[in-house]
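Structure file run08.txt (compact mmCIF, C-alpha atoms) is printed below.
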```txt
# COMPACT_ATOMS: atom_id res chain seq x y z
CA MET A 1 123.11 153.48 81.68
CA MET A 2 120.12 152.31 79.64
CA ASN A 3 120.07 148.88 78.08
CA ASN A 4 119.85 148.44 74.31
CA GLN A 5 116.10 147.92 74.37
CA LYS A 6 115.57 151.27 76.09
CA ASP A 7 118.11 152.96 73.79
CA ASP A 8 116.22 151.70 70.73
CA SER A 9 112.89 152.74 72.24
CA TYR A 10 114.02 156.30 72.90
CA LEU A 11 115.68 156.60 69.49
CA ALA A 12 112.43 155.73 67.75
CA LYS A 13 110.44 158.05 70.02
CA ALA A 14 112.89 160.89 69.46
CA CYS A 15 112.39 160.52 65.72
CA PHE A 16 108.63 160.51 66.19
CA PHE A 17 108.65 163.70 68.26
CA ASP A 18 111.16 165.37 65.91
CA ALA A 19 108.49 165.03 63.22
CA GLN A 20 105.84 166.57 65.51
CA VAL A 21 107.68 169.77 66.38
CA GLN A 22 105.41 171.95 64.21
CA ALA A 23 102.15 170.28 65.28
CA ASP A 24 99.67 172.61 66.99
CA TRP A 25 99.82 170.66 70.27
CA ALA A 26 103.58 171.12 70.36
CA ALA A 27 104.19 174.52 68.82
CA GLN A 28 101.28 176.81 69.66
CA ALA A 29 101.03 178.91 72.81
CA TYR A 30 98.34 177.88 75.25
CA GLY A 31 94.86 179.18 74.57
CA GLY A 32 91.16 178.37 74.66
CA ASP A 33 90.14 175.61 77.05
CA GLU A 34 93.81 174.96 77.87
CA ALA A 35 93.78 178.05 80.10
CA GLU A 36 91.25 176.37 82.42
CA LYS A 37 93.32 173.20 82.45
CA LEU A 38 96.44 175.17 83.35
CA GLU A 39 94.55 176.79 86.22
CA ARG A 40 93.68 173.37 87.58
CA LEU A 41 97.30 172.26 87.27
CA PHE A 42 98.58 175.25 89.21
CA ALA A 43 95.88 174.90 91.83
CA VAL A 44 97.52 171.54 92.57
CA THR A 45 101.14 172.75 92.49
CA GLY A 46 100.40 175.74 94.70
CA CYS A 47 102.74 178.72 94.77
CA LEU A 48 105.96 177.94 92.91
CA ASN A 49 107.83 181.15 93.59
CA GLY A 50 111.47 180.47 94.45
CA LEU A 51 111.21 176.70 93.99
CA ARG A 52 113.45 174.35 92.02
CA LEU A 53 111.41 172.38 89.48
CA LEU A 54 112.12 169.48 87.13
CA GLU A 55 110.17 169.08 83.89
CA PRO A 56 110.98 165.88 81.99
CA GLY A 57 109.65 165.76 78.45
CA CYS A 58 109.39 169.52 78.04
CA GLY A 59 108.80 169.42 74.28
CA THR A 60 109.06 172.88 72.72
CA GLY A 61 108.91 174.54 76.13
CA ARG A 62 105.25 175.57 76.17
CA LEU A 63 104.80 174.71 79.84
CA THR A 64 108.44 175.46 80.67
CA ALA A 65 107.89 179.14 79.89
CA VAL A 66 104.90 179.26 82.23
CA LEU A 67 106.83 177.43 84.96
CA ALA A 68 109.77 179.82 84.58
CA GLU A 69 107.45 182.76 85.16
CA LYS A 70 105.88 181.01 88.16
CA VAL A 71 109.18 180.23 89.94
CA GLY A 72 110.46 183.75 89.37
CA PRO A 73 114.06 184.99 89.42
CA HIS A 74 114.91 183.16 92.63
CA GLY A 75 113.62 179.80 91.39
CA ARG A 76 114.86 177.46 88.68
CA VAL A 77 113.38 175.10 86.11
CA VAL A 78 115.44 172.18 84.80
CA ALA A 79 113.75 170.95 81.62
CA MET A 80 114.67 168.23 79.17
CA ASP A 81 113.46 166.27 76.18
CA ILE A 82 114.68 163.35 74.07
CA SER A 83 113.88 165.05 70.75
CA PRO A 84 116.67 167.24 69.31
CA ARG A 85 114.19 169.30 67.29
CA MET A 86 111.91 169.81 70.29
CA VAL A 87 114.87 170.96 72.38
CA ALA A 88 115.99 173.34 69.62
CA ALA A 89 112.48 174.85 69.48
CA ALA A 90 112.40 175.09 73.28
CA ARG A 91 115.74 176.86 73.29
CA ARG A 92 114.34 179.52 70.96
CA ARG A 93 111.16 179.91 73.01
CA LEU A 94 113.02 180.13 76.32
CA MET A 95 115.87 182.47 75.35
CA ARG A 96 114.53 185.27 77.55
CA PHE A 97 114.54 183.15 80.71
CA ALA A 98 117.74 183.13 82.75
CA ASN A 99 116.21 180.72 85.27
CA VAL A 100 115.81 177.74 82.88
CA ASP A 101 118.37 174.96 82.46
CA LEU A 102 117.49 173.12 79.23
CA ARG A 103 119.00 169.72 78.45
CA MET A 104 118.59 166.97 75.87
CA GLY A 105 118.16 163.30 76.75
CA PRO A 106 116.08 160.99 78.95
CA VAL A 107 115.86 161.90 82.60
CA GLU A 108 116.85 158.37 83.62
CA THR A 109 120.40 158.85 82.32
CA MET A 110 120.89 162.26 83.92
CA ALA A 111 119.31 161.80 87.32
CA ASP A 112 122.58 161.73 89.24
CA GLN A 113 123.70 165.03 87.66
CA LEU A 114 120.56 167.08 88.28
CA GLY A 115 120.34 167.43 92.04
CA MET A 116 117.17 167.63 94.14
CA PHE A 117 113.86 169.31 93.41
CA ASP A 118 110.94 170.79 95.30
CA GLN A 119 108.51 169.61 92.64
CA ILE A 120 108.63 167.47 89.51
CA VAL A 121 106.03 168.15 86.83
CA CYS A 122 105.54 165.37 84.25
CA HIS A 123 103.25 167.05 81.74
CA GLN A 124 102.05 164.81 78.91
CA VAL A 125 105.13 162.61 79.20
CA PHE A 126 104.64 159.82 81.76
CA PRO A 127 103.38 157.14 79.30
CA HIS A 128 106.43 157.74 77.11
CA PHE A 129 108.99 156.56 79.66
CA ALA A 130 110.58 153.32 78.44
CA ASP A 131 110.09 151.69 81.86
CA ARG A 132 107.41 153.62 83.71
CA ALA A 133 107.84 151.91 87.08
CA ALA A 134 111.62 152.42 87.02
CA ALA A 135 111.23 156.01 85.84
CA LEU A 136 108.91 156.76 88.74
CA LYS A 137 111.52 155.47 91.19
CA THR A 138 114.16 157.61 89.51
CA LEU A 139 112.00 160.73 89.75
CA VAL A 140 111.24 160.11 93.41
CA ARG A 141 114.97 159.86 94.14
CA MET A 142 115.27 163.46 92.98
CA LEU A 143 112.49 164.81 95.18
CA LYS A 144 113.32 166.64 98.38
CA PRO A 145 111.57 165.36 101.54
CA ALA A 146 107.87 166.26 101.31
CA GLY A 147 108.43 167.18 97.63
CA ARG A 148 105.59 166.92 95.16
CA LEU A 149 105.30 164.86 91.96
CA VAL A 150 102.64 165.94 89.47
CA ILE A 151 101.56 163.86 86.46
CA SER A 152 99.42 165.94 84.12
CA HIS A 153 97.66 165.49 80.79
CA PHE A 154 95.11 167.72 79.09
CA ILE A 155 93.09 164.68 78.03
CA SER A 156 91.62 161.86 80.09
CA PHE A 157 93.13 158.45 80.88
CA ALA A 158 90.93 156.76 78.25
CA GLU A 159 91.81 159.35 75.60
CA ILE A 160 95.54 159.13 76.31
CA ASN A 161 95.60 155.39 75.76
CA ASP A 162 93.22 155.49 72.81
CA VAL A 163 95.29 158.11 70.96
CA HIS A 164 98.53 156.22 71.57
CA ARG A 165 97.12 152.79 70.63
CA LYS A 166 95.82 154.18 67.34
CA ALA A 167 99.03 156.04 66.53
CA GLY A 168 100.60 153.07 64.78
CA THR A 169 104.02 154.56 65.52
CA ALA A 170 106.78 154.44 68.16
CA VAL A 171 104.27 155.64 70.79
CA ALA A 172 101.60 152.99 70.11
CA GLY A 173 102.60 151.07 73.24
CA ASP A 174 102.98 154.12 75.46
CA LEU A 175 100.01 153.66 77.75
CA MET A 176 99.10 155.28 81.05
CA PRO A 177 98.99 152.55 83.73
CA PRO A 178 95.58 151.93 85.30
CA GLN A 179 94.75 153.44 88.66
CA GLN A 180 95.42 150.30 90.71
CA ILE A 181 98.94 150.00 89.29
CA MET A 182 99.73 153.68 89.83
CA GLN A 183 98.51 153.40 93.41
CA ARG A 184 100.78 150.43 94.01
CA TRP A 185 103.79 152.08 92.40
CA CYS A 186 103.25 155.27 94.39
CA GLY A 187 103.01 153.30 97.61
CA GLN A 188 106.20 151.43 96.83
CA CYS A 189 107.97 154.78 96.27
CA ARG A 190 106.69 156.32 99.54
CA LEU A 191 104.40 158.69 97.67
CA THR A 192 101.08 159.68 99.21
CA ILE A 193 98.53 160.60 96.57
CA GLU A 194 96.88 163.88 97.52
CA GLN A 195 94.76 164.48 94.41
CA TRP A 196 93.65 162.34 91.50
CA GLN A 197 91.37 163.72 88.82
CA ASP A 198 90.39 162.12 85.53
CA ASP A 199 87.65 163.85 83.56
CA ASP A 200 86.97 166.01 80.51
CA ASN A 201 89.63 168.48 81.68
CA GLY A 202 92.27 165.78 81.65
CA TYR A 203 94.28 163.49 83.90
CA LEU A 204 95.93 164.99 86.97
CA LEU A 205 97.73 163.11 89.73
CA SER A 206 99.54 164.86 92.58
CA ALA A 207 101.55 162.95 95.18
CA LEU A 208 103.78 163.97 98.09
CA LEU A 209 106.96 162.18 99.14
CA ASN A 210 106.71 161.00 102.72
CA ALA A 211 109.39 162.70 104.79
```

Just dump the structure as structure tokens.
Amino acid sequence: MMNNQKDDSYLAKACFFDAQVQADWAAQAYGGDEAEKLERLFAVTGCLNGLRLLEPGCGTGRLTAVLAEKVGPHGRVVAMDISPRMVAAARRRLMRFANVDLRMGPVETMADQLGMFDQIVCHQVFPHFADRAAALKTLVRMLKPAGRLVISHFISFAEINDVHRKAGTAVAGDLMPPQQIMQRWCGQCRLTIEQWQDDDNGYLLSALLNA
């Protein structure tokens, strides 16, 4: 159960993302330089066929659709978002996929209902968790032994924080923690960082849960 501060935080963020549902970054299919960034993401995840994946903060399901194709008919993607309008758009986009379980709400409140996952992909969502350190612990609890956590953005660390600081909205304080803090948090959660990239193609962290 979230406390009132977290409830208020997610309510404001849900309203913010409801208003963004038609923005290009949320609504349009991937194209242009995003294709190269997707290739880098999937070079890190490796083959996903038959795996069970979790995607918190799925938005309108842009990445969810790609993940559903990657896991195939014997895999499953559990995706969720806090924004009702984003989830509604995702439901329309993902209608053809029988291997997607789409839910609304913050992952922290549903963790005990979702089961265990081979991989968790946090794409463009990690800074938006109300308590990032606590959210990381929650996500790790849902990873199978030797499971992989991926934190991905299509812009760099500096750009992420600059865009959010200048937003002047509910996401203005949603900052990506610096490298030293992420290293400490990962260590405390028994995660071994296998790849960390931060450049013009974006921010990409991949970590494995120690068995």

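Atom pair CA of Arg91 (chain A) / CA of Gln20 (chain A): separated by 16.3 Å.
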
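Straight-line separation from CA of Val150 (chain A) to CA of Leu41 (chain A): 8.6 Å.
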
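In this model, the gap between CA of Leu114 (chain A) and CA of Leu208 (chain A) comes to 19.7 Å.
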
Using only C-alpha atoms, find each residue of region 22-135 of chain A with at least one atom at most 8 Å away from an atom of region 159-174 of chain A; report its shortest atom-to-atom pair and that distance in Å (one decimal), sort the rows by chain and rising residue number, and return the result as JSON lines.
```
{"residue": "A:Pro127", "atom": "CA", "partner": "A:Asp174", "partner_atom": "CA", "distance": 4.9}
{"residue": "A:His128", "atom": "CA", "partner": "A:Asp174", "partner_atom": "CA", "distance": 5.3}
{"residue": "A:Phe129", "atom": "CA", "partner": "A:Asp174", "partner_atom": "CA", "distance": 7.7}
```

Which residues, written as a PyMOL selection string, have at least one atom at most 12 Å from Ala35 (chain A), with all atoms listed in the file counted and residues fewer than 6 positions away on the same chain left out?
chain A and resi 29+41-42+63+66+154+201

Contact residues around Tyr10 (chain A) with only C-alpha atoms at 8 Å, ignoring same-chain residues under 6 positions, as a PyMOL selection string:
chain A and resi 82+106+130

List as a ChimeraX atom specification: which residues have an atom within 9 Å of (96.0, 171.1, 84.1), counting all atoms listed in the file?
/A:34-44,123,152-154,201-204

Using only C-alpha atoms and a cutoff of 9 Å, can you tell me which residues are near (107.8, 162.4, 98.7) in the file's coordinates, and write them out as a JSON list (two decimals) with C-alpha atoms, keeping the file's coordinate frame?
```
[["chain", "number", "residue", "atom", "x", "y", "z"],
["A", 140, "VAL", "CA", 111.24, 160.11, 93.41],
["A", 141, "ARG", "CA", 114.97, 159.86, 94.14],
["A", 143, "LEU", "CA", 112.49, 164.81, 95.18],
["A", 144, "LYS", "CA", 113.32, 166.64, 98.38],
["A", 145, "PRO", "CA", 111.57, 165.36, 101.54],
["A", 146, "ALA", "CA", 107.87, 166.26, 101.31],
["A", 147, "GLY", "CA", 108.43, 167.18, 97.63],
["A", 148, "ARG", "CA", 105.59, 166.92, 95.16],
["A", 149, "LEU", "CA", 105.30, 164.86, 91.96],
["A", 189, "CYS", "CA", 107.97, 154.78, 96.27],
["A", 190, "ARG", "CA", 106.69, 156.32, 99.54],
["A", 191, "LEU", "CA", 104.40, 158.69, 97.67],
["A", 192, "THR", "CA", 101.08, 159.68, 99.21],
["A", 207, "ALA", "CA", 101.55, 162.95, 95.18],
["A", 208, "LEU", "CA", 103.78, 163.97, 98.09],
["A", 209, "LEU", "CA", 106.96, 162.18, 99.14],
["A", 210, "ASN", "CA", 106.71, 161.00, 102.72],
["A", 211, "ALA", "CA", 109.39, 162.70, 104.79]]
```

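The residue that comes closest to Leu54 (chain A), out of A:Val21, A:Ala111, A:Ala135, A:Ala14 and on the basis of all atoms listed in the file, is A:Ala111.
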
Near-Ala134 (chain A) list (12 Å; all atoms listed in the file; drop same-chain fewer than 5 positions) as a list in words
Met2, Lys6, Val107, Glu108, Thr109, Phe126, Phe129, Leu139, Val140, Arg141, Trp185, Cys186, Gln188 and Cys189 of chain A

Centre and size of axis-aligned box enclosing region 148-160 of chain A plus 4 Å each side, as JSON:
```
{"center_x": 98.3, "center_y": 162.2, "center_z": 85.4, "size_x": 22.7, "size_y": 19.0, "size_z": 27.6}
```

Output requested as a compact mmCIF listing (two decimals), in the coordinates of the input - region 183-194 of chain A, filled out with N, CA, C and O atoms.
```
# COMPACT_ATOMS: atom_id res chain seq x y z
N GLN A 183 98.59 153.38 91.95
CA GLN A 183 98.51 153.40 93.41
C GLN A 183 99.58 152.53 94.03
O GLN A 183 100.23 152.92 95.01
N ARG A 184 99.77 151.34 93.47
CA ARG A 184 100.78 150.43 94.01
C ARG A 184 102.18 150.99 93.84
O ARG A 184 102.99 150.98 94.76
N TRP A 185 102.47 151.50 92.65
CA TRP A 185 103.79 152.08 92.40
C TRP A 185 104.06 153.25 93.33
O TRP A 185 105.16 153.38 93.88
N CYS A 186 103.07 154.12 93.50
CA CYS A 186 103.25 155.27 94.39
C CYS A 186 103.53 154.81 95.81
O CYS A 186 104.43 155.34 96.49
N GLY A 187 102.79 153.82 96.26
CA GLY A 187 103.01 153.30 97.61
C GLY A 187 104.39 152.73 97.78
O GLY A 187 105.04 152.94 98.81
N GLN A 188 104.87 152.02 96.77
CA GLN A 188 106.20 151.43 96.83
C GLN A 188 107.30 152.50 96.85
O GLN A 188 108.41 152.26 97.35
N CYS A 189 107.00 153.68 96.32
CA CYS A 189 107.97 154.78 96.27
C CYS A 189 107.78 155.77 97.41
O CYS A 189 108.37 156.86 97.39
N ARG A 190 106.96 155.45 98.39
CA ARG A 190 106.69 156.32 99.54
C ARG A 190 106.00 157.63 99.14
O ARG A 190 106.20 158.67 99.73
N LEU A 191 105.18 157.54 98.10
CA LEU A 191 104.40 158.69 97.67
C LEU A 191 102.98 158.56 98.21
O LEU A 191 102.36 157.50 98.08
N THR A 192 102.48 159.63 98.78
CA THR A 192 101.08 159.68 99.21
C THR A 192 100.29 160.51 98.21
O THR A 192 100.60 161.70 97.99
N ILE A 193 99.32 159.90 97.57
CA ILE A 193 98.53 160.60 96.57
C ILE A 193 97.60 161.59 97.27
O ILE A 193 96.81 161.21 98.13
N GLU A 194 97.72 162.86 96.90
CA GLU A 194 96.88 163.88 97.52
C GLU A 194 95.70 164.27 96.64
O GLU A 194 94.65 164.65 97.15
```
